[in-house]
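Worksheet: one structure, shown below.
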Amino acid sequence: MSTAYEPEKIEKAAQEQWTDSRCFEVSEDPDKEKFYCLTMFPYPSGKLHMGHVRVFTISDVIARYQRMQGKHVLQPMGWDAFGMPAENAAIQRGIPPARWTYDNIDDMRDQMKRLGYAYDWTREVTTCRPEYYRWEQWLFTKMFEKGLVYRKNSVVNWDPVDQTVLADEQVIDGRGWRSDALVERREIPQWFMKITAYADELLDELDRMPGWPDSVKTMQRNWIGRSEGVELSFDVAGEDEPLTVYTTRPDTLLGVTYMAVAAEHPLAKRAAAGNAEIAAFIEECKKTDAAEATLETMEKKGMPLGISAIHPLTGDEVPLWVANFVLMSYGTGAVMAVPGHDARDWEFARKHDLPIKQVIAPEDGSEIDIDEAVYVDRGVLVNSGEYDGLDYDAAFNAIADRFEETGRGRRTVNYRLRDWGVSRQRYWGAPIPIIYCDDCGAVPVPEDQLPVVLPEDVELTGVGSPLKEMPEFYETTCPICGKPARRETDTFDTFVESSWYFARYACPDSRSVMLDDRAGYWLPVDQYTGGVEHAILHLLYSRFFQRVMRDEGLSDASEPFTNLLTQGMVLKDGAKMSKAKGNTVDPQGLIDKYGADTVRLFMMATAPPEQALEWSDDGVQGAFRFLKRLWHAVDGHCEGGSVAAVDAYDDAQAGLRRKTHQTIAKVSDDIGRRYKFNTAVAATMELMNAIQRFDDRSDGGRAVVQEALEAIVKLLAPIVPHVCHELWRQLGHEDALVYARWPDVDQAALEQDTIELVVQVNGKLRGRINVAADADRSSIEALALADDNVQRFVAEQPVKKVIVVPGRLVNVVV
RNA sequence: GCCCGGGUGGCGGAACUGGUAGACGCAGCGGACUUAAAAUCCGCUGACCGCAAGGUCGUGCGAGUUCGAGUCUCGCCCCGGGCACCA
């Protein structure tokens, strides 16, 4: 009597058994090899979306696979619970951010449990809880003591109508998203973390991280942007202070025909004082937002300041301009312009009729016309007086030496990386633990007064932070002198919470210290999985924080994540699935209709994890159909009763055994090494097809089918754990599948007497031959040349050579 | 604009280290079963030529390297992600 595949029933039963046996709860066991498998934790935005399901399933497959390898696996889950959407919901619906967040967490936790992830729920971490954020407040005060944090003015988007600071995302075409008012750039004092102090270490270690994708390492290298250059001083006519610029191309120094400073530069401000036109231009510059993409793509504008700089080598006067593309925050806020050999300078010079001078010529002696096209490659110096004929390196050194000798410059290393501004003028975040005292200045909150708890019962209006209206929050006393003082009302960037949560999972209940000995057992994370959109910021901040924690004596590890898998986005209609774009697909409907296993299988079978996955509703049906086929195959097989042991096989039986063990080998490699779950699924589907074509009810036949079905159930256990859990039981096993080991390949079963080789003539496929597995080269060649179709194409032509690729093909070249 | 990916049948994708292009699945078409439908099972399915054997073309576009290129090199085009206050 055959039974139906009822996912809802078997999934519930499997999950209950996992929960009751607490098999995914792990403690520290030094005798076992640990494996810490982590997914980037979600922001509790409401319901799970497809991107969540994809990344959690990928990670769960790896965790369950490693468990079957005998590892002691930790897979925790938590909530990146601070953030803007909670404030938006509060403004729109009048629900306090805390309640909205906790409700969402409850919903999403239920959905995760329904999907059967192998999480140790006893370690759940929620970043908006004081017991969590107190430790980042504490670490901040330690960083304060070490000089790793500091306060400086920095630019924000100011909405003059709502009287509030806007996130870049809230600025739409230069206007506030709620008020529609033109946004202004405004400078306010903010806290910064000195990530640049670790720039060299963060850069150098990338060379020793084989477990990270090259693309991510390259992006981080470019982001840090270490460059070796020279700082040069130009005198300015009528000014006492020289103007210092940084350049990586001192070899082009004689090609300088103008210079440019940022709108915020003191020289520009002074020039504006006596010139209304310049003042207006500087005002206009402030109206663009500060995003790099905007600065780089906007029209390059500038104005002469009416001041001249003196060229340090020739003594010539070069005009000084103010330009909208020069950044005050990068380098010195001033650049020397070499239009002949820099693309942006060239374009700007053409537009404003500034002279273009060639000082570099191609090394191969070819002629170039600098008025036609810019020449940016390194080459040989020309029109550079005593430096003519030098190459890049020689010129770099000669000019750098000259400036160092005269004290007018120095070799220096520059980074594109900027310090991390962590202040946010928002309510729903961790309070920055600083007290401002008129006498003592900015004072960190002492350890015994931590945490600084964020009040949760508030009303949000959308205008400013409610903390600024709560004297019971901000009124306090100075920890040093005891006088009345005022608390910082800014909160941390939410990236601060996500920069160390991975460590806290090791000891989420630790009350006395940020991290205890348990972190020493679990860290670093062995496998980290998350969206490629986090390739730079989140991952770089986490690498920085891990080092800060290391230097605080909290952990021995320098790198937080040994292996990184960056999963591609789930796209819909060609764009990232996101709430903001309104193109999300709710996975819940599919779970209700087909069960968790079908959804898990579909996500894994459809595309490799690193690739973007374009969502389509078709295909889910196919995953469901396959699970039904598997179910009925096991069901039908088990109806035949117990299986007798057999030690000799006929050809067909040996053939199915070979397919079984080829599949074990392929799936082990696909999941264990390549992370190609889609081809792993395809391989098990092929084995299923082979089983269904195999019709042999003899003892031997039933034995190899039993072996094949057990292999499929184990190989698919990480991907579709519920149905496999039940099928394993049906195949006659008392111990739950979750305690089973990954299957081994029987090398003897793989052996073959003959193999097929492809024969090409001049690289085109012309025939196939069967040869003995151990055939030598000359007999292969002879067999290949004897093939009728091969003979047709060789015909009378002399054979120039024959290439034999063992196990693959023969190519006859005529 | 800069940095990092990607582009292969009607669709998702496979081809791992330069060696049979299109595995596996979806959709479609034909058939079996059924009173019927659903479900299930079997077969076909890149384009073109051919009765067939087989042949020609074909991996975004253009060149190149090689006995052999989806894969490597150079130059383009298009799409996605990131660009520091979305997470």
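Every chain in the structure tokens takes a letter, A first, then B, and so on in the order presented; its residues are numbered from 1, and the ligands are numbered from 1 following the presented order.
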### Query
Could you pull out the helix (DSSP H, G or I) residues of range 468-575 of chain A from DSSP and send them as a PyMOL selection string?
chain A and resi 468-469+471-474+494-497+501-504+517-522+532-534+537-551
If you keep N, CA and C atoms, can you produce a file of those selected residues as an mmCIF file, in the first residue's frame?
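This went into selection30.cif:
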data_model
loop_
_atom_site.group_PDB
_atom_site.id
_atom_site.type_symbol
_atom_site.label_atom_id
_atom_site.label_comp_id
_atom_site.auth_asym_id
_atom_site.auth_seq_id
_atom_site.Cartn_x
_atom_site.Cartn_y
_atom_site.Cartn_z
ATOM 1 N N LYS A 468 16.427 64.230 21.821
ATOM 2 C CA LYS A 468 16.757 65.637 22.056
ATOM 3 C C LYS A 468 15.647 66.343 22.840
ATOM 4 N N GLU A 469 14.467 65.733 22.879
ATOM 5 C CA GLU A 469 13.327 66.306 23.620
ATOM 6 C C GLU A 469 13.136 65.627 24.977
ATOM 7 N N PRO A 471 14.705 65.406 28.433
ATOM 8 C CA PRO A 471 15.709 65.786 29.439
ATOM 9 C C PRO A 471 16.039 64.630 30.382
ATOM 10 N N GLU A 472 15.031 63.745 30.635
ATOM 11 C CA GLU A 472 15.318 62.613 31.529
ATOM 12 C C GLU A 472 16.377 61.702 30.923
ATOM 13 N N PHE A 473 16.554 61.785 29.586
ATOM 14 C CA PHE A 473 17.627 61.007 28.963
ATOM 15 C C PHE A 473 18.946 61.787 28.979
ATOM 16 N N TYR A 474 18.885 63.033 28.495
ATOM 17 C CA TYR A 474 20.169 63.697 28.256
ATOM 18 C C TYR A 474 20.731 64.447 29.449
ATOM 19 N N THR A 494 24.344 51.693 12.414
ATOM 20 C CA THR A 494 23.988 50.298 12.711
ATOM 21 C C THR A 494 25.059 49.309 12.243
ATOM 22 N N PHE A 495 25.983 49.780 11.411
ATOM 23 C CA PHE A 495 27.104 48.914 11.046
ATOM 24 C C PHE A 495 27.968 48.577 12.261
ATOM 25 N N VAL A 496 27.896 49.393 13.322
ATOM 26 C CA VAL A 496 28.683 49.095 14.525
ATOM 27 C C VAL A 496 28.201 47.780 15.140
ATOM 28 N N GLU A 497 26.879 47.618 15.263
ATOM 29 C CA GLU A 497 26.355 46.377 15.842
ATOM 30 C C GLU A 497 26.772 45.164 15.005
ATOM 31 N N TYR A 501 28.856 41.112 16.030
ATOM 32 C CA TYR A 501 27.857 40.161 16.509
ATOM 33 C C TYR A 501 28.315 38.719 16.373
ATOM 34 N N PHE A 502 29.125 38.461 15.317
ATOM 35 C CA PHE A 502 29.609 37.101 15.082
ATOM 36 C C PHE A 502 30.400 36.571 16.267
ATOM 37 N N ALA A 503 31.049 37.468 17.004
ATOM 38 C CA ALA A 503 31.829 37.042 18.162
ATOM 39 C C ALA A 503 30.925 36.798 19.371
ATOM 40 N N ARG A 504 29.867 37.588 19.472
ATOM 41 C CA ARG A 504 28.999 37.489 20.642
ATOM 42 C C ARG A 504 28.194 36.187 20.670
ATOM 43 N N ASP A 517 36.044 33.050 27.358
ATOM 44 C CA ASP A 517 36.870 31.986 26.769
ATOM 45 C C ASP A 517 36.180 31.236 25.642
ATOM 46 N N ARG A 518 34.845 31.194 25.698
ATOM 47 C CA ARG A 518 34.130 30.445 24.671
ATOM 48 C C ARG A 518 34.399 31.017 23.275
ATOM 49 N N ALA A 519 34.651 32.336 23.220
ATOM 50 C CA ALA A 519 34.971 32.950 21.926
ATOM 51 C C ALA A 519 36.281 32.385 21.385
ATOM 52 N N GLY A 520 37.192 32.041 22.284
ATOM 53 C CA GLY A 520 38.457 31.449 21.863
ATOM 54 C C GLY A 520 38.256 30.101 21.182
ATOM 55 N N TYR A 521 37.224 29.386 21.613
ATOM 56 C CA TYR A 521 36.952 28.092 20.984
ATOM 57 C C TYR A 521 36.330 28.277 19.603
ATOM 58 N N TRP A 522 35.343 29.176 19.505
ATOM 59 C CA TRP A 522 34.571 29.237 18.255
ATOM 60 C C TRP A 522 35.177 30.135 17.189
ATOM 61 N N VAL A 532 26.558 39.742 -1.686
ATOM 62 C CA VAL A 532 27.740 40.376 -2.263
ATOM 63 C C VAL A 532 27.692 41.897 -2.085
ATOM 64 N N GLU A 533 26.487 42.418 -1.830
ATOM 65 C CA GLU A 533 26.392 43.863 -1.647
ATOM 66 C C GLU A 533 27.129 44.325 -0.378
ATOM 67 N N HIS A 534 27.513 43.361 0.473
ATOM 68 C CA HIS A 534 28.262 43.718 1.681
ATOM 69 C C HIS A 534 29.768 43.543 1.510
ATOM 70 N N LEU A 537 31.766 47.415 2.781
ATOM 71 C CA LEU A 537 31.578 48.105 4.066
ATOM 72 C C LEU A 537 31.467 47.149 5.256
ATOM 73 N N HIS A 538 30.456 46.305 5.282
ATOM 74 C CA HIS A 538 30.247 45.435 6.447
ATOM 75 C C HIS A 538 31.473 44.560 6.708
ATOM 76 N N LEU A 539 32.006 43.980 5.644
ATOM 77 C CA LEU A 539 33.122 43.047 5.838
ATOM 78 C C LEU A 539 34.397 43.775 6.270
ATOM 79 N N LEU A 540 34.597 44.978 5.770
ATOM 80 C CA LEU A 540 35.786 45.734 6.175
ATOM 81 C C LEU A 540 35.644 46.215 7.621
ATOM 82 N N TYR A 541 34.462 46.684 7.984
ATOM 83 C CA TYR A 541 34.240 47.130 9.361
ATOM 84 C C TYR A 541 34.411 45.965 10.338
ATOM 85 N N SER A 542 33.927 44.778 9.945
ATOM 86 C CA SER A 542 34.070 43.611 10.823
ATOM 87 C C SER A 542 35.530 43.221 10.982
ATOM 88 N N ARG A 543 36.282 43.306 9.903
ATOM 89 C CA ARG A 543 37.723 42.990 9.985
ATOM 90 C C ARG A 543 38.417 43.990 10.895
ATOM 91 N N PHE A 544 37.993 45.235 10.812
ATOM 92 C CA PHE A 544 38.536 46.280 11.694
ATOM 93 C C PHE A 544 38.185 45.992 13.155
ATOM 94 N N PHE A 545 36.912 45.720 13.426
ATOM 95 C CA PHE A 545 36.474 45.473 14.806
ATOM 96 C C PHE A 545 37.149 44.245 15.406
ATOM 97 N N GLN A 546 37.309 43.195 14.616
ATOM 98 C CA GLN A 546 37.971 41.998 15.127
ATOM 99 C C GLN A 546 39.375 42.353 15.619
ATOM 100 N N ARG A 547 40.039 43.245 14.896
ATOM 101 C CA ARG A 547 41.399 43.650 15.307
ATOM 102 C C ARG A 547 41.355 44.512 16.561
ATOM 103 N N VAL A 548 40.362 45.371 16.647
ATOM 104 C CA VAL A 548 40.232 46.189 17.862
ATOM 105 C C VAL A 548 39.981 45.274 19.064
ATOM 106 N N MET A 549 39.119 44.263 18.880
ATOM 107 C CA MET A 549 38.849 43.333 19.982
ATOM 108 C C MET A 549 40.105 42.518 20.306
ATOM 109 N N ARG A 550 40.836 42.146 19.284
ATOM 110 C CA ARG A 550 42.100 41.428 19.502
ATOM 111 C C ARG A 550 43.047 42.282 20.344
ATOM 112 N N ASP A 551 43.196 43.532 19.958
ATOM 113 C CA ASP A 551 44.142 44.403 20.657
ATOM 114 C C ASP A 551 43.646 44.771 22.051
#
### Task
Skip range 657-669 of chain A itself and residues of its chain fewer than 2 positions away, then list as a ChimeraX atom specification all residues within 6 Å of it, counting only C-alpha atoms (C1' of nucleotides).
/A:654-655,671-673,680,708,745,749-750
### Per-residue DSSP, range 26-61 of chain A, filtered to strand (DSSP E), as a VMD selection string
chain A and resid 34 to 39
### Task
Identify every residue of chain A that has at least one atom within 8 Å of any atom of chain B, counting only C-alpha atoms (C1' of nucleotides), and report the result as a ChimeraX atom specification.
/A:43,83-84,156,166-169,215-216,218-219,222-223,291-293,296-297,418,420,424,493,532-533,535-537,574-575,606-607,618-619,622,679,681-683,685-686,758,762-763,765,801,803,805,808-809,811-813
### Task
With a distance cut-off of 7 Å and only C-alpha atoms (C1' of nucleotides), select the neighbouring residues of Gly78 in chain A, excluding the residue or stretch itself and same-chain residues fewer than 3 positions from it, and output the selection as a PyMOL selection string.
chain A and resi 41+124-126
Preceding selection exported with C-alpha atoms as an mmCIF file, in the first residue's frame:
data_model
loop_
_atom_site.group_PDB
_atom_site.id
_atom_site.type_symbol
_atom_site.label_atom_id
_atom_site.label_comp_id
_atom_site.auth_asym_id
_atom_site.auth_seq_id
_atom_site.Cartn_x
_atom_site.Cartn_y
_atom_site.Cartn_z
ATOM 1 C CA PHE A 41 21.978 38.137 10.201
ATOM 2 C CA GLU A 124 20.029 34.133 19.606
ATOM 3 C CA VAL A 125 21.382 37.691 19.665
ATOM 4 C CA THR A 126 19.268 40.834 19.259
#
### Summary
note - CA of Val453 in chain A and CA of Lys142 in chain A are separated by 18.4 Å
